[in-house]
file input-v9.cif (mmCIF, C-alpha atoms)
data_model
loop_
_atom_site.label_atom_id
_atom_site.label_comp_id
_atom_site.auth_asym_id
_atom_site.auth_seq_id
_atom_site.Cartn_x
_atom_site.Cartn_y
_atom_site.Cartn_z
CA MET A 1 -49.09 31.25 1.24
CA ASN A 2 -52.70 32.49 1.06
CA LEU A 3 -52.52 32.82 4.84
CA PHE A 4 -50.01 35.60 4.33
CA ALA A 5 -52.26 37.21 1.73
CA GLU A 6 -55.08 37.03 4.24
CA ALA A 7 -52.94 38.61 6.95
CA ILE A 8 -51.77 41.40 4.66
CA ALA A 9 -55.32 42.05 3.49
CA TYR A 10 -56.32 42.36 7.14
CA LEU A 11 -53.44 44.74 7.84
CA LEU A 12 -54.28 46.89 4.80
CA ASP A 13 -57.99 47.11 5.62
CA PRO A 14 -58.62 50.53 7.23
CA ALA A 15 -61.45 48.97 9.24
CA SER A 16 -58.99 46.85 11.24
CA TRP A 17 -57.14 49.93 12.42
CA ALA A 18 -60.02 52.12 13.53
CA GLY A 19 -61.98 52.20 16.76
CA ALA A 20 -61.65 50.98 20.31
CA GLY A 21 -60.46 47.49 19.40
CA GLY A 22 -58.45 48.58 16.36
CA LEU A 23 -54.82 47.84 15.65
CA GLY A 24 -53.82 51.50 16.09
CA LEU A 25 -54.96 51.45 19.68
CA ARG A 26 -53.36 48.05 20.27
CA ILE A 27 -49.98 49.36 19.08
CA LEU A 28 -50.29 52.37 21.39
CA GLU A 29 -51.24 50.07 24.28
CA HIS A 30 -48.30 47.82 23.55
CA LEU A 31 -45.79 50.65 23.23
CA GLY A 32 -47.14 52.62 26.20
CA PHE A 33 -47.12 49.58 28.44
CA SER A 34 -43.61 48.58 27.34
CA ALA A 35 -42.29 52.13 27.79
CA ALA A 36 -43.75 52.35 31.30
CA VAL A 37 -42.14 49.04 32.28
CA LEU A 38 -38.80 50.12 30.82
CA LEU A 39 -38.97 53.44 32.65
CA VAL A 40 -39.53 51.76 36.00
CA ALA A 41 -36.80 49.20 35.33
CA ALA A 42 -34.40 51.99 34.29
CA ALA A 43 -35.26 54.11 37.34
CA ILE A 44 -34.25 51.21 39.58
CA GLY A 45 -31.61 49.46 37.48
CA ILE A 46 -29.47 52.34 36.22
CA PRO A 47 -28.69 53.96 39.61
CA ALA A 48 -28.12 50.53 41.19
CA GLY A 49 -25.90 49.36 38.31
CA VAL A 50 -23.88 52.60 38.25
CA LEU A 51 -23.37 52.38 42.01
CA ILE A 52 -22.16 48.78 41.75
CA GLY A 53 -19.88 49.62 38.85
CA HIS A 54 -18.50 52.71 40.63
CA THR A 55 -17.83 51.06 43.97
CA GLY A 56 -17.08 47.58 42.67
CA ARG A 57 -19.24 46.14 45.44
CA GLY A 58 -22.02 43.65 44.73
CA ARG A 59 -20.57 42.48 41.41
CA GLY A 60 -21.43 38.85 42.20
CA VAL A 61 -25.09 39.75 42.69
CA VAL A 62 -25.35 41.24 39.18
CA ILE A 63 -23.69 38.25 37.55
CA ALA A 64 -25.87 35.78 39.46
CA LEU A 65 -29.02 37.79 38.64
CA THR A 66 -28.33 38.08 34.92
CA SER A 67 -27.34 34.46 34.36
CA GLY A 68 -30.19 33.26 36.57
CA ALA A 69 -32.76 35.43 34.77
CA ARG A 70 -31.98 33.71 31.50
CA ALA A 71 -33.28 30.40 32.83
CA ILE A 72 -36.61 31.77 34.10
CA PRO A 73 -39.40 30.99 31.63
CA THR A 74 -41.24 34.27 31.03
CA LEU A 75 -44.58 32.54 30.53
CA GLY A 76 -44.25 30.84 33.92
CA LEU A 77 -43.55 34.15 35.62
CA LEU A 78 -46.52 35.79 33.88
CA THR A 79 -48.99 33.05 34.73
CA ILE A 80 -47.97 32.75 38.38
CA PHE A 81 -48.19 36.53 38.83
CA GLY A 82 -51.53 36.48 37.02
CA LEU A 83 -52.88 33.81 39.32
CA LEU A 84 -51.63 35.51 42.48
CA LEU A 85 -52.55 39.10 41.58
CA GLY A 86 -55.69 38.49 39.53
CA ILE A 87 -56.63 39.65 36.06
CA GLY A 88 -55.50 43.21 35.42
CA LEU A 89 -52.46 45.11 34.35
CA GLU A 90 -50.62 44.82 37.67
CA ALA A 91 -49.55 41.21 37.21
CA PRO A 92 -47.95 41.59 33.76
CA PHE A 93 -46.47 44.94 34.77
CA LEU A 94 -44.68 43.45 37.76
CA ALA A 95 -43.58 40.36 35.86
CA LEU A 96 -42.16 42.52 33.07
CA VAL A 97 -40.28 44.80 35.46
CA VAL A 98 -38.72 41.69 37.02
CA LEU A 99 -37.64 40.52 33.55
CA ALA A 100 -36.37 43.93 32.41
CA LEU A 101 -34.30 44.68 35.51
CA PRO A 102 -31.38 42.25 35.05
CA PRO A 103 -30.33 43.47 31.57
CA VAL A 104 -30.64 47.15 32.59
CA LEU A 105 -28.65 46.53 35.76
CA ALA A 106 -26.01 44.51 33.91
CA GLY A 107 -25.67 47.15 31.17
CA ALA A 108 -25.20 49.98 33.65
CA TYR A 109 -22.79 47.96 35.74
CA ALA A 110 -20.73 46.60 32.83
CA GLY A 111 -20.60 50.05 31.22
CA VAL A 112 -19.22 51.77 34.29
CA GLU A 113 -16.93 48.84 35.04
CA SER A 114 -15.43 49.03 31.52
CA VAL A 115 -14.30 52.64 31.94
CA ASP A 116 -10.51 52.82 32.02
CA ARG A 117 -9.33 53.09 35.66
CA GLN A 118 -6.64 55.57 34.62
CA VAL A 119 -9.26 57.93 33.23
CA ILE A 120 -11.09 57.86 36.56
CA GLY A 121 -7.79 58.36 38.40
CA GLY A 122 -7.09 61.35 36.14
CA ALA A 123 -10.50 62.83 36.89
CA ARG A 124 -9.89 62.44 40.60
CA ALA A 125 -6.43 63.98 40.27
CA ILE A 126 -7.78 67.16 38.68
CA GLY A 127 -10.06 67.55 41.69
CA MET A 128 -13.42 66.22 40.45
CA THR A 129 -15.77 65.10 43.21
CA GLU A 130 -17.11 61.52 43.19
CA ARG A 131 -20.46 62.84 41.96
CA GLN A 132 -18.76 64.72 39.11
CA ILE A 133 -16.77 61.61 38.22
CA VAL A 134 -19.96 59.55 37.99
CA THR A 135 -22.03 62.04 35.99
CA GLY A 136 -19.25 63.69 33.98
CA VAL A 137 -16.86 60.82 33.25
CA GLU A 138 -18.27 57.38 33.95
CA LEU A 139 -21.81 57.83 32.64
CA PRO A 140 -20.86 59.32 29.24
CA LEU A 141 -18.16 56.68 28.70
CA ALA A 142 -20.46 53.92 29.89
CA SER A 143 -23.40 55.07 27.76
CA PRO A 144 -22.90 52.72 24.77
CA VAL A 145 -22.94 49.63 26.98
CA LEU A 146 -25.66 51.10 29.18
CA ILE A 147 -27.87 51.70 26.14
CA GLY A 148 -27.06 48.13 25.07
CA GLY A 149 -28.57 46.94 28.34
CA LEU A 150 -31.67 49.06 27.78
CA ARG A 151 -31.92 47.63 24.28
CA SER A 152 -31.95 44.04 25.57
CA ALA A 153 -34.51 45.01 28.17
CA ALA A 154 -36.71 46.80 25.62
CA LEU A 155 -36.78 43.78 23.31
CA GLN A 156 -37.48 41.46 26.20
CA VAL A 157 -40.34 43.69 27.31
CA ILE A 158 -41.91 44.11 23.86
CA SER A 159 -41.70 40.38 23.37
CA THR A 160 -43.11 39.42 26.73
CA ALA A 161 -45.80 42.11 26.53
CA THR A 162 -47.15 40.03 23.64
CA LEU A 163 -47.48 37.03 25.97
CA ALA A 164 -49.04 39.30 28.60
CA ALA A 165 -52.25 39.35 26.56
CA TYR A 166 -52.69 35.76 27.70
CA ILE A 167 -53.31 36.87 31.28
CA SER A 168 -54.78 40.35 30.65
CA ASP A 169 -56.23 41.42 27.32
CA THR A 170 -53.93 44.19 26.23
CA GLY A 171 -51.58 45.15 23.43
CA LEU A 172 -50.70 43.42 20.20
CA GLY A 173 -50.89 40.00 21.77
CA ARG A 174 -54.65 40.38 21.74
CA PRO A 175 -55.27 39.79 18.04
CA ILE A 176 -52.87 36.83 18.27
CA PHE A 177 -54.77 35.15 21.09
CA GLU A 178 -58.10 36.08 19.51
CA GLY A 179 -56.95 34.37 16.34
CA LEU A 180 -55.80 31.33 18.31
CA LYS A 181 -59.15 30.98 20.05
CA THR A 182 -61.28 31.47 16.95
CA ARG A 183 -58.88 29.55 14.66
CA ASP A 184 -58.46 32.66 12.52
CA TYR A 185 -54.91 32.17 11.28
CA GLY A 186 -54.93 35.36 9.21
CA LEU A 187 -55.65 37.46 12.29
CA MET A 188 -52.97 35.63 14.28
CA LEU A 189 -50.46 36.15 11.52
CA ALA A 190 -51.36 39.83 11.13
CA GLY A 191 -50.76 40.41 14.85
CA SER A 192 -47.50 38.47 14.72
CA ILE A 193 -46.20 40.42 11.73
CA LEU A 194 -46.97 43.70 13.52
CA VAL A 195 -45.18 42.64 16.72
CA ALA A 196 -42.18 41.42 14.73
CA LEU A 197 -41.99 44.72 12.82
CA LEU A 198 -42.36 46.71 16.03
CA ALA A 199 -39.55 44.72 17.67
CA LEU A 200 -37.28 45.17 14.65
CA LEU A 201 -37.98 48.92 14.61
CA VAL A 202 -37.14 49.25 18.30
CA GLU A 203 -34.00 47.15 17.79
CA LEU A 204 -32.82 49.41 14.95
CA LEU A 205 -33.60 52.59 16.94
CA PHE A 206 -31.58 51.33 19.90
CA GLN A 207 -28.76 50.26 17.59
CA ALA A 208 -28.63 53.79 16.20
CA ALA A 209 -28.71 55.27 19.71
CA GLN A 210 -25.94 52.92 20.75
CA SER A 211 -23.64 53.87 17.89
CA ALA A 212 -24.38 57.57 18.43
CA ALA A 213 -23.40 57.15 22.08
CA ALA A 214 -20.28 55.21 21.07
CA ARG A 215 -19.26 58.03 18.70
CA ARG A 216 -19.70 60.55 21.50
CA ALA A 217 -17.82 58.44 24.01
CA GLU A 218 -14.93 57.69 21.64
CA PRO A 219 -14.87 60.44 19.01
CA ILE A 220 -11.39 59.55 17.71
CA GLU A 221 -11.43 55.77 17.58
CA THR A 222 -14.43 55.44 15.30
CA HIS A 223 -13.70 51.78 14.62
CA ARG A 224 -13.74 50.89 18.30
CA THR A 225 -15.93 47.88 18.91
CA THR A 226 -15.08 47.00 22.50
CA ALA A 227 -18.16 48.71 23.88
CA ARG A 228 -20.41 46.58 21.73
CA THR A 229 -18.70 43.29 22.25
CA ARG A 230 -18.69 43.91 25.98
CA ALA A 231 -22.41 44.58 26.02
CA PRO A 232 -24.22 41.96 28.11
CA GLU A 233 -25.63 38.90 26.38
CA ARG A 234 -29.18 39.29 25.30
CA ASN A 235 -31.96 36.95 26.23
CA PRO A 236 -34.42 36.05 23.53
CA ALA A 237 -38.02 36.03 24.64
CA MET B 1 -46.78 18.45 46.82
CA THR B 2 -50.03 16.47 46.75
CA TRP B 3 -50.78 17.96 43.34
CA LEU B 4 -47.39 16.86 42.09
CA SER B 5 -47.69 13.31 43.44
CA GLN B 6 -51.13 12.94 41.87
CA ASN B 7 -49.96 14.21 38.49
CA LEU B 8 -46.54 12.65 38.37
CA HIS B 9 -47.17 10.71 35.15
CA ILE B 10 -48.43 13.82 33.31
CA VAL B 11 -45.47 15.88 34.51
CA GLY B 12 -43.12 13.08 33.47
CA ALA B 13 -44.56 12.92 29.96
CA LEU B 14 -44.35 16.73 29.61
CA LEU B 15 -40.76 16.63 30.82
CA VAL B 16 -39.87 14.16 28.07
CA ASP B 17 -41.60 16.36 25.46
CA HIS B 18 -39.72 19.34 26.83
CA LEU B 19 -36.37 17.58 26.59
CA VAL B 20 -36.98 16.55 22.98
CA LEU B 21 -38.12 20.06 22.02
CA SER B 22 -35.01 21.54 23.68
CA ILE B 23 -32.29 19.17 22.56
CA LEU B 24 -33.27 19.01 18.87
CA PRO B 25 -32.99 22.78 18.22
CA ILE B 26 -29.79 23.02 20.27
CA VAL B 27 -28.11 20.30 18.21
CA LEU B 28 -29.51 21.62 14.91
CA SER B 29 -28.40 25.18 15.56
CA LEU B 30 -24.91 23.98 16.47
CA VAL B 31 -24.66 21.95 13.25
CA ILE B 32 -25.87 24.90 11.15
CA SER B 33 -23.93 27.62 12.98
CA VAL B 34 -20.46 26.09 12.93
CA PRO B 35 -20.03 26.32 9.12
CA LEU B 36 -21.83 29.70 8.96
CA GLY B 37 -19.79 31.15 11.82
CA TRP B 38 -16.60 29.80 10.29
CA LEU B 39 -17.47 31.52 7.00
CA ALA B 40 -18.17 34.77 8.87
CA SER B 41 -14.80 34.59 10.62
CA ARG B 42 -12.86 33.75 7.45
CA TYR B 43 -14.43 36.02 4.84
CA ARG B 44 -14.90 39.69 5.61
CA ARG B 45 -17.54 40.02 2.94
CA ALA B 46 -19.68 37.27 4.48
CA ARG B 47 -19.28 38.62 8.00
CA THR B 48 -21.55 41.67 7.99
CA PRO B 49 -24.58 40.16 6.21
CA LEU B 50 -24.37 36.97 8.27
CA LEU B 51 -24.00 38.65 11.63
CA THR B 52 -26.50 41.48 11.12
CA GLY B 53 -29.00 39.12 9.48
CA THR B 54 -28.94 36.58 12.27
CA GLY B 55 -28.85 39.37 14.87
CA LEU B 56 -32.07 40.87 13.53
CA LEU B 57 -33.83 37.48 13.59
CA TYR B 58 -33.01 37.42 17.26
CA ALA B 59 -35.09 40.55 17.85
CA ILE B 60 -38.31 38.86 16.72
CA PRO B 61 -40.39 37.74 19.70
CA SER B 62 -40.87 33.99 20.04
CA LEU B 63 -44.65 33.61 19.84
CA PRO B 64 -44.92 35.69 16.62
CA LEU B 65 -41.92 33.82 15.24
CA PHE B 66 -43.65 30.45 15.74
CA ILE B 67 -46.82 31.76 14.08
CA ILE B 68 -44.88 33.19 11.11
CA VAL B 69 -42.62 30.14 10.68
CA ALA B 70 -45.39 27.52 10.66
CA PRO B 71 -47.05 28.48 7.33
CA LEU B 72 -43.63 29.18 5.79
CA ILE B 73 -42.54 25.57 6.30
CA GLY B 74 -46.05 24.25 5.79
CA VAL B 75 -46.85 22.66 9.14
CA ALA B 76 -49.52 23.32 11.74
CA VAL B 77 -48.52 25.90 14.32
CA ARG B 78 -49.08 23.45 17.17
CA SER B 79 -46.78 20.89 15.59
CA PRO B 80 -43.48 20.20 17.40
CA VAL B 81 -41.76 20.91 14.06
CA THR B 82 -42.76 24.58 14.37
CA ILE B 83 -41.20 24.88 17.81
CA VAL B 84 -38.02 23.10 16.73
CA ALA B 85 -37.71 25.30 13.61
CA GLY B 86 -38.36 28.53 15.52
CA LEU B 87 -35.92 27.72 18.29
CA THR B 88 -33.29 26.59 15.77
CA ILE B 89 -33.54 30.06 14.21
CA TYR B 90 -32.95 31.65 17.62
CA GLY B 91 -30.11 29.27 18.38
CA CYS B 92 -28.40 30.16 15.11
CA ALA B 93 -28.95 33.88 15.71
CA LEU B 94 -26.90 33.57 18.89
CA LEU B 95 -24.43 30.92 17.83
CA VAL B 96 -23.31 32.26 14.43
CA ARG B 97 -21.83 35.28 16.20
CA GLY B 98 -20.42 33.10 18.97
CA VAL B 99 -18.81 30.70 16.49
CA ALA B 100 -17.37 33.60 14.47
CA ASP B 101 -15.86 35.05 17.66
CA ALA B 102 -14.57 31.60 18.62
CA PHE B 103 -12.75 31.02 15.32
CA GLY B 104 -11.59 34.64 15.42
CA SER B 105 -9.92 33.92 18.76
CA VAL B 106 -7.56 31.32 17.22
CA PRO B 107 -4.14 32.99 16.89
CA ARG B 108 -2.97 33.46 13.30
CA GLU B 109 0.52 32.23 14.17
CA THR B 110 -0.91 28.91 15.33
CA MET B 111 -2.69 28.46 12.00
CA LEU B 112 0.49 29.26 10.11
CA ALA B 113 2.42 26.79 12.26
CA ALA B 114 -0.17 24.12 11.47
CA ASP B 115 0.25 24.87 7.75
CA ALA B 116 4.02 24.67 8.10
CA MET B 117 3.73 21.26 9.75
CA GLY B 118 1.96 20.07 6.63
CA HIS B 119 -1.67 19.99 7.71
CA SER B 120 -4.19 20.13 4.90
CA ALA B 121 -6.92 22.77 5.30
CA TRP B 122 -9.33 20.00 6.33
CA ALA B 123 -6.98 18.50 8.92
CA ARG B 124 -6.08 21.94 10.21
CA PHE B 125 -9.75 22.71 10.80
CA TRP B 126 -10.40 19.54 12.81
CA ARG B 127 -7.08 19.30 14.65
CA VAL B 128 -6.21 22.94 15.26
CA GLU B 129 -8.97 25.48 14.62
CA LEU B 130 -11.93 23.67 16.12
CA PRO B 131 -10.21 22.54 19.35
CA LEU B 132 -8.75 26.01 19.93
CA ALA B 133 -12.12 27.66 19.20
CA GLY B 134 -13.78 25.18 21.59
CA PRO B 135 -13.80 27.16 24.85
CA VAL B 136 -15.33 30.33 23.35
CA LEU B 137 -17.76 28.20 21.33
CA LEU B 138 -18.81 26.31 24.44
CA SER B 139 -19.60 29.48 26.35
CA SER B 140 -22.01 30.71 23.67
CA LEU B 141 -23.50 27.23 23.34
CA ARG B 142 -24.29 27.32 27.06
CA VAL B 143 -26.24 30.57 26.58
CA VAL B 144 -28.21 28.90 23.78
CA VAL B 145 -28.92 25.82 25.92
CA VAL B 146 -30.34 27.79 28.83
CA SER B 147 -32.42 30.18 26.74
CA THR B 148 -33.76 27.41 24.48
CA VAL B 149 -34.99 25.36 27.43
CA SER B 150 -36.79 28.42 28.76
CA LEU B 151 -38.27 29.38 25.36
CA VAL B 152 -39.74 25.92 24.70
CA THR B 153 -42.43 26.79 27.25
CA VAL B 154 -43.84 29.53 24.96
CA GLY B 155 -44.87 26.77 22.55
CA ALA B 156 -47.56 25.76 25.04
CA LEU B 157 -49.53 28.87 24.02
CA VAL B 158 -50.00 27.48 20.51
CA GLY B 159 -50.62 23.97 21.83
CA ALA B 160 -47.22 22.27 21.56
CA SER B 161 -46.91 20.29 24.76
CA SER B 162 -43.93 20.84 27.04
CA LEU B 163 -43.42 21.90 30.65
CA GLY B 164 -45.04 25.16 29.47
CA THR B 165 -48.33 23.24 29.36
CA LEU B 166 -48.15 23.27 33.17
CA PHE B 167 -48.27 27.09 32.97
CA THR B 168 -51.26 27.33 30.62
CA ASP B 169 -53.17 24.51 32.35
CA GLY B 170 -52.34 25.80 35.80
CA PHE B 171 -53.41 29.33 34.90
CA GLN B 172 -56.69 28.28 33.33
CA ARG B 173 -57.64 25.96 36.16
CA GLY B 174 -56.20 28.13 38.92
CA ILE B 175 -53.64 25.59 40.18
CA GLU B 176 -50.59 27.38 41.53
CA ALA B 177 -48.76 24.10 42.20
CA SER B 178 -48.88 23.30 38.47
CA ILE B 179 -47.23 26.59 37.50
CA LEU B 180 -44.64 26.36 40.26
CA THR B 181 -43.78 22.78 39.27
CA GLY B 182 -43.30 23.97 35.69
CA LEU B 183 -41.12 26.89 36.77
CA VAL B 184 -38.88 24.78 38.97
CA LEU B 185 -38.56 21.92 36.47
CA THR B 186 -37.78 24.24 33.55
CA ILE B 187 -34.99 25.87 35.53
CA VAL B 188 -33.71 22.46 36.68
CA VAL B 189 -33.69 21.15 33.07
CA ALA B 190 -31.87 24.30 31.91
CA TYR B 191 -29.14 23.94 34.50
CA ALA B 192 -28.92 20.16 34.06
CA LEU B 193 -28.32 20.49 30.30
CA ASP B 194 -25.92 23.37 30.98
CA GLY B 195 -24.04 21.12 33.39
CA LEU B 196 -23.87 18.38 30.75
CA CYS B 197 -22.33 20.89 28.33
CA VAL B 198 -19.68 21.84 30.88
CA LEU B 199 -18.97 18.15 31.49
CA ALA B 200 -18.75 17.41 27.77
CA GLY B 201 -16.41 20.38 27.43
CA ARG B 202 -14.13 19.01 30.14
CA LEU B 203 -14.03 15.60 28.48
CA ALA B 204 -13.47 17.00 24.98
CA MET B 205 -10.98 19.66 26.06
CA PRO B 206 -8.94 18.10 28.89
CA TRP B 207 -6.11 20.62 28.41
CA ARG B 208 -8.37 23.39 29.69
CA ARG B 209 -8.35 21.92 33.18
CA ALA B 210 -4.61 21.48 33.13
CA VAL B 211 -4.22 25.17 32.30
CA ALA B 212 -6.63 26.23 35.02
CA ALA B 213 -4.99 24.07 37.69
#

call {"tool": "encode", "arguments": {"input": "input-v9.cif", "output": "structure tokens"}}
result
Amino acid sequence: MNLFAEAIAYLLDPASWAGAGGLGLRILEHLGFSAAVLLVAAAIGIPAGVLIGHTGRGRGVVIALTSGARAIPTLGLLTIFGLLLGIGLEAPFLALVVLALPPVLAGAYAGVESVDRQVIGGARAIGMTERQIVTGVELPLASPVLIGGLRSAALQVISTATLAAYISDTGLGRPIFEGLKTRDYGLMLAGSILVALLALLVELLFQAAQSAAARRAEPIETHRTTARTRAPERNPA
Amino acid sequence: MTWLSQNLHIVGALLVDHLVLSILPIVLSLVISVPLGWLASRYRRARTPLLTGTGLLYAIPSLPLFIIVAPLIGVAVRSPVTIVAGLTIYGCALLVRGVADAFGSVPRETMLAADAMGHSAWARFWRVELPLAGPVLLSSLRVVVVSTVSLVTVGALVGASSLGTLFTDGFQRGIEASILTGLVLTIVVAYALDGLCVLAGRLAMPWRRAVAA
């Protein structure tokens, strides 16, 4: 148990937070890097997923991609990209986008797919254009599941960004690997506790966003749970 | 290919380590999750704490989880016990919800009919509830199998040997063939164990095929 005391002492010491190598900067690195990856994945995955859900074409591709992605070991992807692209941020960035894409795509697709066909028919009957149907009907109704996909992707990215420090020294993985190399368990534990807290915080924020979206999409049926249960399976990382 | 043929015995040994580190947590999480999931499906008051609690555990990234778990159970972080314990936690996080959904999918009328035929609660569980929950349970077990096999590789970072060792070794020594071998074998192991689950499901639940056909 004194290892935990050591880790907490390290976390409470203002000296560990300050400066160029401090924890404050590491958290910002970690969050900034993760957010950038998520943004790129969303910019590709959401339009593609919405298109597939709207037209119904390419469904098999999404299913194959998401179930296949689960089997890919993230560390293997990171190390092979690291070896091919060299030490830098490009390799982990690309590897993380590859890992974040399937859940984003699946969330967008499953969300749009789950919208009641009669509602879409109704929208078409009152003269809405296809573009209006997508932005005004399908997207709002799909948003809980879509956000669920982003949530899986965000957790996957935060988690794998920790491993990314193995191939390029960045983010909260750094104190962990530093601790591993120097056999400083307290440091390792301090880094781990921070990553775990960060992941839990992001999870709770996305949960809140998801229920807010669900309330907006279904203001009357507040007990509705279909959106959540239909959210794509998450991959741990 | 030359790299692989020269290192066949190392790869073989790592494969065995990988299988042990995958199968143990899968079996353990199944054994732990079935009673917990059953409780969550039967008792409303147990449902929320069990499902949210296990769900939150699932959010914790694997490497930090291993590092936090090791001192809690009092073993070295590089010990296989750490990896098994960490992956069992993940397995349960996924399976408790899956098991609860599976038992929730058993129609109430069927349970009442089993009672009326004179089944004791114990017999009803084994003869009626569990077989009927089987298909849904199997589908979440398959998710656990595939993700566990893939997560075992993370253990290589703390020194627990598995196919993930091919990633860390290959990266440090600049051998692409080592990493590629690890990637391919991990995916093959994942789908092989997944296939075994499907096969076991067919053998244990022969009526499923009859329905499908």

call {"tool": "closest_residue", "arguments": {"input": "input-v9.cif", "among": "A:Val104, A:Val145, A:Val97, A:Leu77", "to": "chain B", "atoms": "only C-alpha atoms"}}
result
A:Leu77

call {"tool": "atom_distance", "arguments": {"input": "input-v9.cif", "atom1": "CA of Ile72 (chain A)", "atom2": "CA of Thr186 (chain B)"}}
result
7.6 Å

call {"tool": "atom_distance", "arguments": {"input": "input-v9.cif", "atom1": "CA of Gln6 (chain B)", "atom2": "CA of Ile179 (chain B)"}}
result
14.9 Å

call {"tool": "closest_atom_pairs", "arguments": {"input": "input-v9.cif", "of": "chain B", "to": "chain A", "cutoff": "6 Å", "atoms": "only C-alpha atoms", "output": "Markdown table"}}
result
| residue | atom | partner | partner_atom | distance |
| --- | --- | --- | --- | --- |
| B:Ile60 | CA | A:Ala196 | CA | 5.0 |
| B:Pro61 | CA | A:Ser159 | CA | 4.7 |
| B:Ser62 | CA | A:Ala237 | CA | 5.8 |
| B:Pro64 | CA | A:Ser192 | CA | 4.2 |
| B:Val146 | CA | A:Ala71 | CA | 5.6 |
| B:Ser147 | CA | A:Arg70 | CA | 5.9 |
| B:Ser150 | CA | A:Pro73 | CA | 4.7 |
| B:Phe167 | CA | A:Gly76 | CA | 5.6 |
| B:Phe171 | CA | A:Thr79 | CA | 5.8 |
| B:Leu183 | CA | A:Gly76 | CA | 5.8 |
| B:Ile187 | CA | A:Ala71 | CA | 5.5 |

call {"tool": "resolve_selection", "arguments": {"input": "input-v9.cif", "expression": "the PyMOL selection byres ((chain A and resi 94) around 10)", "output": "list in words"}}
result
Val37, Val40, Leu77, Leu78, Phe81, Gly82, Leu85, Leu89, Glu90, Ala91, Pro92, Phe93, Ala95, Leu96, Val97, Val98, Leu99 and Ala100 of chain A

call {"tool": "closest_residue", "arguments": {"input": "input-v9.cif", "among": "B:Val69, B:Leu28, B:Val20, B:Leu94", "to": "Thr54 (chain B)", "atoms": "all atoms listed in the file"}}
result
B:Leu94

call {"tool": "residues_near_point", "arguments": {"input": "input-v9.cif", "point": "(-28.9, 18.7, 30.6)", "cutoff": "12 Å", "atoms": "all atoms listed in the file", "output": "PyMOL selection string"}}
result
chain B and resi 18-20+22-23+26+142+145-146+148-149+185-200

call {"tool": "resolve_selection", "arguments": {"input": "input-v9.cif", "expression": "the PyMOL selection byres ((chain B and resi 106) around 9)", "output": "list in words"}}
result
Ala102, Phe103, Gly104, Ser105, Pro107, Arg108, Glu109, Thr110, Met111, Val128, Glu129, Leu130, Leu132 and Ala133 of chain B

call {"tool": "atom_distance", "arguments": {"input": "input-v9.cif", "atom1": "CA of Gly107 (chain A)", "atom2": "CA of Met128 (chain A)"}}
result
24.5 Å
